[in-house]
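Peer 1: As input, take model.csv (CSV, C-alpha atoms):
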```csv
chain,number,residue,atom,x,y,z
C,1,MET,CA,89.7,116.3,252.8
C,2,ASN,CA,89.3,120.0,252.3
C,3,LYS,CA,85.7,120.8,251.3
C,4,GLN,CA,86.8,123.1,248.5
C,5,ILE,CA,89.0,120.5,246.9
C,6,VAL,CA,86.1,118.0,247.0
C,7,VAL,CA,83.8,120.5,245.2
C,8,ALA,CA,86.6,121.3,242.7
C,9,SER,CA,87.2,117.7,241.9
C,10,LEU,CA,83.5,116.9,241.6
C,11,MET,CA,83.2,119.8,239.1
C,12,THR,CA,86.1,118.4,237.1
C,13,ILE,CA,84.3,115.0,236.9
C,14,VAL,CA,81.1,116.7,235.8
C,15,LEU,CA,82.8,118.7,233.1
C,16,ALA,CA,84.9,115.8,231.9
C,17,GLY,CA,81.7,113.8,231.6
C,18,CYS,CA,80.2,116.4,229.3
C,19,GLY,CA,83.0,116.0,226.8
C,20,SER,CA,82.7,118.1,223.7
C,21,GLU,CA,79.8,118.4,221.2
C,22,ARG,CA,79.4,119.6,217.7
C,23,VAL,CA,76.4,120.4,215.5
C,24,VAL,CA,76.6,121.2,211.8
C,25,LEU,CA,73.6,122.2,209.6
C,26,LEU,CA,73.8,120.5,206.2
C,27,PRO,CA,72.3,121.8,202.9
C,28,SER,CA,68.7,120.5,202.6
C,29,ALA,CA,68.1,117.9,199.9
C,30,ASP,CA,65.2,120.0,198.4
C,31,GLY,CA,67.2,123.2,198.5
C,32,GLN,CA,64.6,124.8,200.9
C,33,PRO,CA,65.9,127.1,203.7
C,34,SER,CA,66.3,125.2,207.0
C,35,ALA,CA,67.7,125.7,210.5
C,36,VAL,CA,68.6,124.0,213.7
C,37,VAL,CA,68.1,125.7,217.0
C,38,VAL,CA,70.6,124.5,219.6
C,39,GLN,CA,69.3,125.2,223.1
C,40,ASP,CA,71.0,124.7,226.5
C,41,LYS,CA,70.8,126.2,230.0
C,42,SER,CA,72.6,129.4,228.9
C,43,GLY,CA,70.4,130.2,225.8
C,44,GLU,CA,70.1,129.3,222.2
C,45,VAL,CA,72.1,129.4,219.0
C,46,VAL,CA,70.4,129.3,215.6
C,47,LEU,CA,72.3,127.6,212.8
C,48,ASP,CA,70.5,128.7,209.6
C,49,ALA,CA,73.0,128.5,206.7
C,50,PRO,CA,74.5,125.5,205.2
C,51,TYR,CA,77.6,124.4,207.1
C,52,ALA,CA,76.8,126.9,210.0
C,53,ALA,CA,78.2,125.0,213.0
C,54,MET,CA,78.7,125.1,216.7
C,55,ARG,CA,81.2,123.4,219.0
C,56,ARG,CA,80.7,123.1,222.6
C,57,ASP,CA,83.6,122.5,225.0
C,58,LEU,CA,83.6,122.6,228.8
C,59,GLY,CA,80.4,124.5,228.8
C,60,ASN,CA,81.5,127.2,226.3
C,61,LYS,CA,80.0,127.5,222.8
C,62,TYR,CA,82.0,128.4,219.8
C,63,PRO,CA,80.2,129.1,216.5
C,64,TYR,CA,82.2,128.3,213.4
C,65,ARG,CA,81.8,127.6,209.7
C,66,SER,CA,82.2,124.0,208.7
C,67,SER,CA,82.8,122.7,205.2
C,68,PRO,CA,82.0,119.6,203.1
C,69,GLU,CA,85.5,118.3,203.8
C,70,ASP,CA,85.2,118.8,207.5
C,71,VAL,CA,81.8,117.1,207.6
C,72,GLN,CA,83.2,114.2,205.5
C,73,GLU,CA,86.1,113.8,207.8
C,74,ARG,CA,84.1,113.8,211.1
C,75,PHE,CA,80.8,112.4,209.9
C,76,GLY,CA,81.7,110.4,206.8
C,77,LEU,CA,80.9,107.0,208.4
C,78,ALA,CA,77.5,108.2,209.8
C,79,LEU,CA,76.5,109.8,206.4
C,80,SER,CA,77.6,106.7,204.5
C,81,ALA,CA,75.1,104.6,206.6
C,82,GLN,CA,72.2,106.9,205.8
C,83,PRO,CA,69.3,104.8,204.4
C,84,PRO,CA,68.2,105.5,200.8
C,85,ARG,CA,65.8,108.5,200.5
C,86,PRO,CA,62.2,107.4,200.4
C,87,ALA,CA,60.7,107.5,196.9
C,88,SER,CA,57.2,108.7,196.1
C,89,TYR,CA,54.9,107.8,193.2
C,90,VAL,CA,51.5,109.1,192.3
C,91,LEU,CA,48.8,107.0,190.6
C,92,TYR,CA,45.7,108.6,189.1
C,93,PHE,CA,42.1,107.2,188.9
C,94,GLU,CA,39.2,107.5,186.4
C,95,ALA,CA,36.3,109.6,187.9
C,96,GLY,CA,34.4,108.2,190.8
C,97,GLY,CA,35.8,104.8,191.2
C,98,SER,CA,38.9,102.7,191.8
C,99,GLN,CA,40.0,102.2,188.2
C,100,LEU,CA,43.5,103.4,187.4
C,101,THR,CA,44.2,105.5,184.3
C,102,PRO,CA,46.2,103.5,181.7
C,103,GLU,CA,49.4,105.5,182.4
C,104,SER,CA,49.2,104.8,186.1
C,105,GLN,CA,48.5,101.1,185.5
C,106,ALA,CA,51.8,101.0,183.5
C,107,MET,CA,53.7,102.7,186.4
C,108,LEU,CA,53.1,99.8,188.7
C,109,ALA,CA,56.0,97.8,187.3
C,110,THR,CA,58.4,100.5,188.2
C,111,ILE,CA,57.1,100.7,191.7
C,112,ARG,CA,57.3,96.9,192.2
C,113,GLN,CA,61.0,97.1,191.1
C,114,GLU,CA,61.7,99.9,193.6
C,115,ILE,CA,60.1,97.8,196.4
C,116,ALA,CA,62.2,94.8,195.4
C,117,GLN,CA,65.5,96.5,195.2
C,118,ARG,CA,65.5,98.4,198.5
C,119,PRO,CA,66.9,96.8,201.7
C,120,ALA,CA,64.0,95.9,204.1
C,121,SER,CA,61.6,98.0,202.1
C,122,GLU,CA,58.3,99.2,203.5
C,123,VAL,CA,55.4,100.8,201.6
C,124,MET,CA,52.8,103.3,202.6
C,125,VAL,CA,49.8,103.5,200.2
C,126,ILE,CA,47.9,106.8,200.8
C,127,GLY,CA,44.6,107.3,199.0
C,128,HIS,CA,43.1,110.7,198.1
C,129,THR,CA,39.9,112.0,196.4
C,130,ASP,CA,38.6,115.1,194.7
C,131,ARG,CA,35.9,117.1,196.5
C,132,VAL,CA,32.9,115.6,194.7
C,133,GLY,CA,30.7,113.9,197.3
C,134,SER,CA,30.7,114.3,201.1
C,135,ALA,CA,33.9,114.3,203.2
C,136,GLU,CA,32.8,111.1,204.9
C,137,ALA,CA,32.2,109.3,201.6
C,138,ASN,CA,35.5,110.5,200.4
C,139,ASP,CA,37.3,109.1,203.4
C,140,LEU,CA,35.8,105.8,202.6
C,141,LEU,CA,36.6,106.1,198.8
C,142,SER,CA,40.2,107.1,199.5
C,143,LEU,CA,40.7,104.1,201.7
C,144,THR,CA,39.1,101.8,199.2
C,145,ARG,CA,41.4,103.2,196.5
C,146,ALA,CA,44.5,102.7,198.7
C,147,GLU,CA,43.4,99.2,199.7
C,148,GLY,CA,42.7,98.3,196.1
C,149,ILE,CA,46.3,99.3,195.2
C,150,ARG,CA,47.7,97.4,198.1
C,151,ALA,CA,45.8,94.3,196.9
C,152,MET,CA,47.2,94.7,193.4
C,153,LEU,CA,50.7,94.9,194.8
C,154,VAL,CA,50.1,91.8,197.0
C,155,ALA,CA,48.7,90.0,194.0
C,156,ASP,CA,52.0,91.0,192.2
C,157,GLY,CA,54.0,89.3,194.8
C,158,VAL,CA,54.9,92.1,197.3
C,159,ALA,CA,54.9,90.7,200.9
C,160,VAL,CA,51.7,91.8,202.6
C,161,GLU,CA,53.6,92.8,205.8
C,162,LYS,CA,55.5,95.4,203.9
C,163,LEU,CA,52.3,97.3,203.0
C,164,GLU,CA,50.2,99.7,204.9
C,165,ALA,CA,47.1,101.5,203.4
C,166,VAL,CA,45.5,104.7,204.6
C,167,GLY,CA,42.8,107.0,203.2
C,168,ARG,CA,43.2,110.8,203.6
C,169,GLY,CA,39.9,111.6,201.9
C,170,GLU,CA,39.7,115.1,200.4
C,171,ARG,CA,42.0,116.7,203.1
C,172,ASP,CA,45.2,116.9,201.0
C,173,PRO,CA,44.4,118.0,197.5
C,174,LEU,CA,47.2,118.3,195.0
C,175,VAL,CA,45.1,121.0,193.3
C,176,PRO,CA,43.0,123.1,195.8
C,177,THR,CA,39.4,123.5,194.5
C,178,ALA,CA,36.0,124.5,195.7
C,179,ASP,CA,33.7,121.8,197.0
C,180,GLU,CA,32.1,119.4,194.4
C,181,VAL,CA,34.7,120.1,191.7
C,182,ASP,CA,35.7,117.1,189.6
C,183,GLU,CA,39.5,117.4,189.6
C,184,PRO,CA,41.4,114.4,188.1
C,185,LYS,CA,44.7,115.3,189.7
C,186,ASN,CA,43.2,115.0,193.2
C,187,ARG,CA,41.8,111.4,192.5
C,188,ARG,CA,45.1,109.7,193.3
C,189,VAL,CA,47.0,107.3,195.4
C,190,GLU,CA,50.5,108.1,196.6
C,191,ILE,CA,52.8,105.2,197.1
C,192,ASN,CA,55.7,106.0,199.4
C,193,VAL,CA,58.5,103.4,199.3
C,194,ARG,CA,61.0,103.7,202.2
S,1,MET,CA,47.2,122.2,229.0
S,2,LEU,CA,50.7,121.0,228.6
S,3,GLY,CA,50.1,118.5,231.3
S,4,GLY,CA,47.1,117.3,229.4
S,5,VAL,CA,49.0,116.9,226.2
S,6,ALA,CA,51.8,115.0,228.0
S,7,PHE,CA,49.2,112.8,229.6
S,8,MET,CA,47.6,112.1,226.3
S,9,LEU,CA,50.9,111.3,224.6
S,10,ALA,CA,51.9,109.0,227.5
S,11,ALA,CA,48.5,107.2,227.2
S,12,ILE,CA,49.1,106.8,223.4
S,13,SER,CA,52.7,105.7,223.7
S,14,GLY,CA,51.8,103.2,226.4
S,15,HIS,CA,49.4,101.7,224.0
S,16,ALA,CA,51.6,101.8,220.9
S,17,VAL,CA,52.8,98.5,219.5
S,18,GLU,CA,53.9,99.8,216.1
S,19,PRO,CA,57.6,100.0,215.5
S,20,ALA,CA,59.1,103.5,215.3
S,21,GLY,CA,61.3,102.4,212.4
S,22,THR,CA,63.4,99.8,210.7
S,23,VAL,CA,67.1,99.2,210.3
S,24,LYS,CA,68.0,99.7,206.6
S,25,VAL,CA,71.8,99.7,206.9
S,26,SER,CA,73.8,97.7,209.3
S,27,ARG,CA,77.6,97.3,209.1
S,28,GLY,CA,80.0,95.9,211.6
S,29,LYS,CA,78.8,95.6,215.2
S,30,VAL,CA,75.3,97.0,215.7
S,31,LEU,CA,73.2,96.2,218.7
S,32,ILE,CA,69.8,97.2,220.1
S,33,GLU,CA,69.4,97.3,223.9
S,34,ARG,CA,65.8,96.6,224.7
S,35,ASN,CA,64.4,95.7,228.1
S,36,GLY,CA,67.9,95.1,229.5
S,37,GLU,CA,68.8,92.7,226.7
S,38,ARG,CA,71.2,93.2,223.8
S,39,ILE,CA,70.1,91.9,220.5
S,40,ALA,CA,71.9,91.9,217.1
S,41,ALA,CA,70.4,94.4,214.7
S,42,PRO,CA,70.8,93.3,211.1
S,43,VAL,CA,69.0,95.0,208.1
S,44,GLY,CA,65.2,94.6,208.6
S,45,THR,CA,65.2,94.7,212.5
S,46,ALA,CA,62.3,96.7,213.9
S,47,VAL,CA,63.3,99.7,216.1
S,48,LEU,CA,60.9,100.4,219.0
S,49,VAL,CA,60.3,103.3,221.3
S,50,ALA,CA,62.8,103.2,224.2
S,51,ASP,CA,65.3,101.2,222.1
S,52,ARG,CA,69.0,102.1,222.5
S,53,VAL,CA,70.9,101.6,219.3
S,54,ARG,CA,74.6,101.0,219.8
S,55,THR,CA,77.5,100.7,217.3
S,56,GLY,CA,80.9,99.2,218.0
S,57,ALA,CA,84.3,100.4,216.9
S,58,ASP,CA,83.8,99.0,213.4
S,59,GLY,CA,80.0,99.7,213.3
S,60,SER,CA,77.6,102.0,211.5
S,61,VAL,CA,73.8,101.9,211.3
S,62,GLY,CA,71.0,103.5,209.3
S,63,VAL,CA,67.4,103.6,210.4
S,64,THR,CA,64.3,104.9,208.6
S,65,LEU,CA,61.5,106.0,210.9
S,66,ARG,CA,57.9,105.6,209.9
S,67,ASP,CA,57.5,109.3,209.1
S,68,ASN,CA,60.5,109.0,206.7
S,69,THR,CA,63.0,110.5,209.1
S,70,LEU,CA,66.5,109.1,208.2
S,71,LEU,CA,68.8,108.5,211.2
S,72,SER,CA,72.3,107.2,210.8
S,73,ALA,CA,75.2,106.7,213.2
S,74,GLY,CA,78.9,106.2,212.9
S,75,SER,CA,81.1,104.0,215.1
S,76,ASN,CA,81.1,103.9,218.9
S,77,SER,CA,77.7,105.6,219.0
S,78,LEU,CA,74.7,105.4,221.3
S,79,ILE,CA,71.3,106.6,220.0
S,80,VAL,CA,68.1,106.4,222.0
S,81,ILE,CA,64.6,106.6,220.6
S,82,ASP,CA,62.9,108.3,223.6
S,83,LYS,CA,59.6,109.0,221.9
S,84,PHE,CA,58.0,108.3,218.5
S,85,LEU,CA,54.3,108.8,217.7
S,86,PHE,CA,53.0,109.1,214.1
S,87,ASP,CA,49.4,108.8,212.8
S,88,GLN,CA,49.6,108.1,209.0
S,89,THR,CA,46.0,109.2,208.5
S,90,THR,CA,46.3,112.6,210.1
S,91,GLN,CA,50.1,112.9,209.6
S,92,GLU,CA,50.4,114.2,213.2
S,93,GLY,CA,53.0,113.0,215.6
S,94,ALA,CA,55.9,113.7,217.9
S,95,MET,CA,59.4,112.4,218.3
S,96,SER,CA,62.4,112.8,220.6
S,97,VAL,CA,65.7,111.1,219.8
S,98,GLY,CA,68.9,111.3,222.0
S,99,ILE,CA,72.5,111.0,221.0
S,100,ARG,CA,74.5,110.0,224.1
S,101,LYS,CA,77.8,109.6,222.3
S,102,GLY,CA,79.4,109.2,218.9
S,103,THR,CA,78.1,110.7,215.6
S,104,LEU,CA,74.5,111.0,214.2
S,105,SER,CA,73.2,112.3,210.9
S,106,VAL,CA,69.6,113.3,210.6
S,107,ALA,CA,67.3,114.1,207.6
S,108,SER,CA,64.0,115.0,209.2
S,109,GLY,CA,60.7,113.6,207.9
S,110,LYS,CA,57.0,114.2,207.8
S,111,ILE,CA,56.4,115.1,211.5
S,112,ALA,CA,59.1,117.8,211.4
S,113,LYS,CA,57.5,119.2,208.2
S,114,ARG,CA,54.0,119.4,209.7
S,115,THR,CA,54.7,120.2,213.3
S,116,PRO,CA,58.4,121.0,213.8
S,117,GLU,CA,57.7,122.1,217.4
S,118,SER,CA,56.9,118.4,218.3
S,119,VAL,CA,60.3,117.1,217.2
S,120,ASP,CA,63.5,117.3,219.2
S,121,PHE,CA,66.9,115.8,219.2
S,122,HIS,CA,69.0,116.0,222.3
S,123,THR,CA,72.6,115.6,223.4
S,124,PRO,CA,73.9,115.3,227.0
S,125,THR,CA,73.8,119.1,227.3
S,126,SER,CA,71.5,120.6,224.6
S,127,VAL,CA,68.2,120.2,222.9
S,128,LEU,CA,68.1,120.7,219.1
S,129,GLY,CA,64.9,121.9,217.4
S,130,VAL,CA,64.5,121.5,213.7
S,131,ARG,CA,63.1,123.6,210.9
S,132,GLY,CA,62.9,121.2,207.9
S,133,THR,CA,66.4,120.0,208.3
S,134,GLU,CA,69.4,117.9,207.6
S,135,PHE,CA,72.2,118.1,210.1
S,136,VAL,CA,75.0,116.1,211.9
S,137,VAL,CA,75.8,115.9,215.6
S,138,GLU,CA,78.9,114.7,217.4
S,139,VAL,CA,79.2,113.9,221.1
S,140,ALA,CA,82.9,113.2,221.9
S,141,GLY,CA,83.7,111.5,225.2
S,142,GLY,CA,80.1,111.1,226.0
S,143,ASP,CA,78.8,108.8,228.8
S,144,ASP,CA,78.5,105.1,227.9
S,145,GLU,CA,75.0,104.9,229.4
```
Here is a file; write its structure as structure tokens.
Peer 2:
Amino acid sequence: MNKQIVVASLMTIVLAGCGSERVVLLPSADGQPSAVVVQDKSGEVVLDAPYAAMRRDLGNKYPYRSSPEDVQERFGLALSAQPPRPASYVLYFEAGGSQLTPESQAMLATIRQEIAQRPASEVMVIGHTDRVGSAEANDLLSLTRAEGIRAMLVADGVAVEKLEAVGRGERDPLVPTADEVDEPKNRRVEINVR
Amino acid sequence: MLGGVAFMLAAISGHAVEPAGTVKVSRGKVLIERNGERIAAPVGTAVLVADRVRTGADGSVGVTLRDNTLLSAGSNSLIVIDKFLFDQTTQEGAMSVGIRKGTLSVASGKIAKRTPESVDFHTPTSVLGVRGTEFVVEVAGGDDE
């Protein structure tokens, strides 16, 4: 066989194997600006507006503007299978210990319900402290708080294997403060249900 | 330095036993290919690093990763979890997910929020970097492997 024909047919196979590709940026759920950078051997294309899109066919790139209808038609099935968005709850503590405020105590019922109704739910319990005391002591206190809440949820009938507890100490304040400031909003446990 | 990071990540991932995520939605034919075996993937199935998630002609699947990334695929799709590392305490991690064929929707999670440079999605031809993002990808006529 002619060498050129062999090369040409090999190239056809390679190109056919590539097929066509498409990427569409969707509006972000929180309304914040977002972007996707699509990079290949020939360079990059930035999609940075809702429904900004790119089609790739036989190695060529064609930017275009998609629409909610176009996305629904091509991606409706994938989007309909998207898992429920994770939900986040914040519980607050009385100063210096692991006692919940009465309002937060009352919120636990809502959280249990959320855990019960989600398919294959999993729960991350994340403890935080204010900046009173040393960073090391606050790591321990935040973990103690998170484990305390986890134990309450287990006692309420949530399966223990669904629950993970971590302590983030004073690293991630809701309200930034100077060291040694008593800030009730930072003494908290975040419960993330996914 | 890059080599050092790659080595460190390899060391961690070799050690990791925690799942990358969990199947939350499973409709029609949904399989996970793991260690050369094909297992059914109903709701609640753990998704591990190196798993290949495959849907049939009537299938669709939704997976929530441990950092709250939402992945979902339509019919005749093949999605590969190439890398997933996430430390809940420091909130640091890295992930790489491939779409070989079909359709994929992504709502990125905590890793992309904190270190977007350590997150990528890839198609047979391109690498997609994210900046706090929701997007969809289609690979038509992609390879079945």
Peer 1: Can you work out which one of C:Ser142, C:Arg85, C:Ala53, C:Gly43 has the shortest atom-to-atom distance to Asp70 of chain C, counting only C-alpha atoms?
Peer 2: C:Ala53
Peer 1: In the coordinate frame of the file, compute which residues have an atom within 9 Å of (74.9, 116.6, 212.6) when using all atoms listed in the file, and state them as a list in words.
Peer 2: Arg22, Val23, Val24, Leu25, Leu26, Val71 and Phe75 of chain C; Thr103, Leu104, Ser105, Val106, Glu134, Phe135, Val136, Val137 and Glu138 of chain S
Peer 1: Check the smallest atom-to-atom distance from each of C:Asn192, C:Ser42, C:Thr177, C:Ser80 to Lys110 of chain S using only C-alpha atoms, then report the winner.
Peer 2: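 Closest candidate: C:Asn192.
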Peer 1: Could you tell me which residues of chain C sit within 6 Å of chain S when counting all atoms listed in the file, and give me the result as a list in words?
Peer 2: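 Close enough to count are Gly19, Ser20, Glu21, Arg22, Val23, Val24, Leu25, Leu26, Ser28, Ser34, Ala35, Val36, Val37, Val38, Gln39, Asp40, Leu77, Ala78, Ala81, Gln82, Pro83, Pro119, Ala120, Val166 and Arg168 of chain C.
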Peer 1: Work out how far atom CA of Ile39 of chain S is from atom CA of Asp82 of chain S, in Å to one decimal.
Peer 2: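 Atom CA of Ile39 of chain S lies at a distance of 18.2 Å from atom CA of Asp82 of chain S.
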Peer 1: Quick one: distance from atom CA of Asp172 of chain C to atom CA of Met124 of chain C in Å, one decimal?
Peer 2: 15.7 Å
Peer 1: Env of Gly148 of chain C: 9 Å cut, atoms = only C-alpha atoms, seq-sep filter 5 positions within chain, self excluded. Answer as a list in words.
Peer 2: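 Listing them by chain and then by number gives Ser98, Leu143 and Leu153 of chain C.
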Peer 1: Any chance you could export the current selection's C-alpha atoms as a tab-separated table (two decimals), in the coordinates of the input?
Peer 2:
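File written: again.tsv
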```tsv
chain	number	residue	atom	x	y	z
C	98	SER	CA	38.90	102.70	191.80
C	143	LEU	CA	40.70	104.10	201.70
C	153	LEU	CA	50.70	94.90	194.80
```
Peer 1: I'd like the contact shell of Asp139 of chain C - 6 Å cut-off, only C-alpha atoms, skipping same-chain residues fewer than 3 positions apart - returned as a PyMOL selection string.
Peer 2: chain C and resi 136+142+167+169
Peer 1: Please compute the atom CA of Ala116 of chain C-atom CA of Glu164 of chain C distance, one decimal, in Å.
Peer 2: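 Atom-to-atom, atom CA of Ala116 of chain C and atom CA of Glu164 of chain C are spaced 16.1 Å apart.
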Peer 1: Tell me, as a PyMOL selection string, which residues lie within 6 Å of Arg54 of chain S, counting all atoms listed in the file; anything in the same chain fewer than 6 positions away does not count.
Peer 2: chain S and resi 30-31+77-78
Peer 1: Using the selection just defined, write its residues with C-alpha atoms as a PDB file, in the coordinates of the input.
Peer 2:
```pdb
ATOM      1  CA  VAL S  30      75.300  97.000 215.700  1.00  0.00           C
ATOM      2  CA  LEU S  31      73.200  96.200 218.700  1.00  0.00           C
ATOM      3  CA  SER S  77      77.700 105.600 219.000  1.00  0.00           C
ATOM      4  CA  LEU S  78      74.700 105.400 221.300  1.00  0.00           C
TER       5      LEU S  78
END
```
Peer 1: Name the closest residue to Arg188 of chain C among the candidates C:Ala137, C:Leu91, C:Met54, C:Val132; distances are taken between atoms, counting only C-alpha atoms.
Peer 2: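 Closest to Arg188 of chain C of all the choices is C:Leu91.
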Peer 1: Around all listed atoms of segment 21-25 of chain C, padded 4 Å per side, what centre and edge lengths does the axis-aligned box have in Å to one decimal, as lines of an AutoDock Vina configuration file?
Peer 2:
```
center_x = 76.7
center_y = 120.3
center_z = 215.4
size_x = 14.2
size_y = 11.8
size_z = 19.6
```
Peer 1: Kindly indicate which residue among C:Leu140, C:Ala29, C:Leu100, C:Ala87 lies nearest to Glu114 of chain C, using all atoms listed in the file for the distances.
Peer 2: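 Closest residue, counting all atoms listed in the file: C:Ala87.
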Peer 1: Find the residues with any atom within 12 Å of (62.1, 93.9, 196.7); use all atoms listed in the file and the coordinates as given in the file, and write the answer as a list in words.
Peer 2: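 The requested residues, written out, are Ala109, Thr110, Ile111, Arg112, Gln113, Glu114, Ile115, Ala116, Gln117, Arg118, Pro119, Ala120, Ser121, Glu122, Val123, Leu153, Asp156, Gly157, Val158, Ala159, Lys162, Val193 and Arg194 of chain C.
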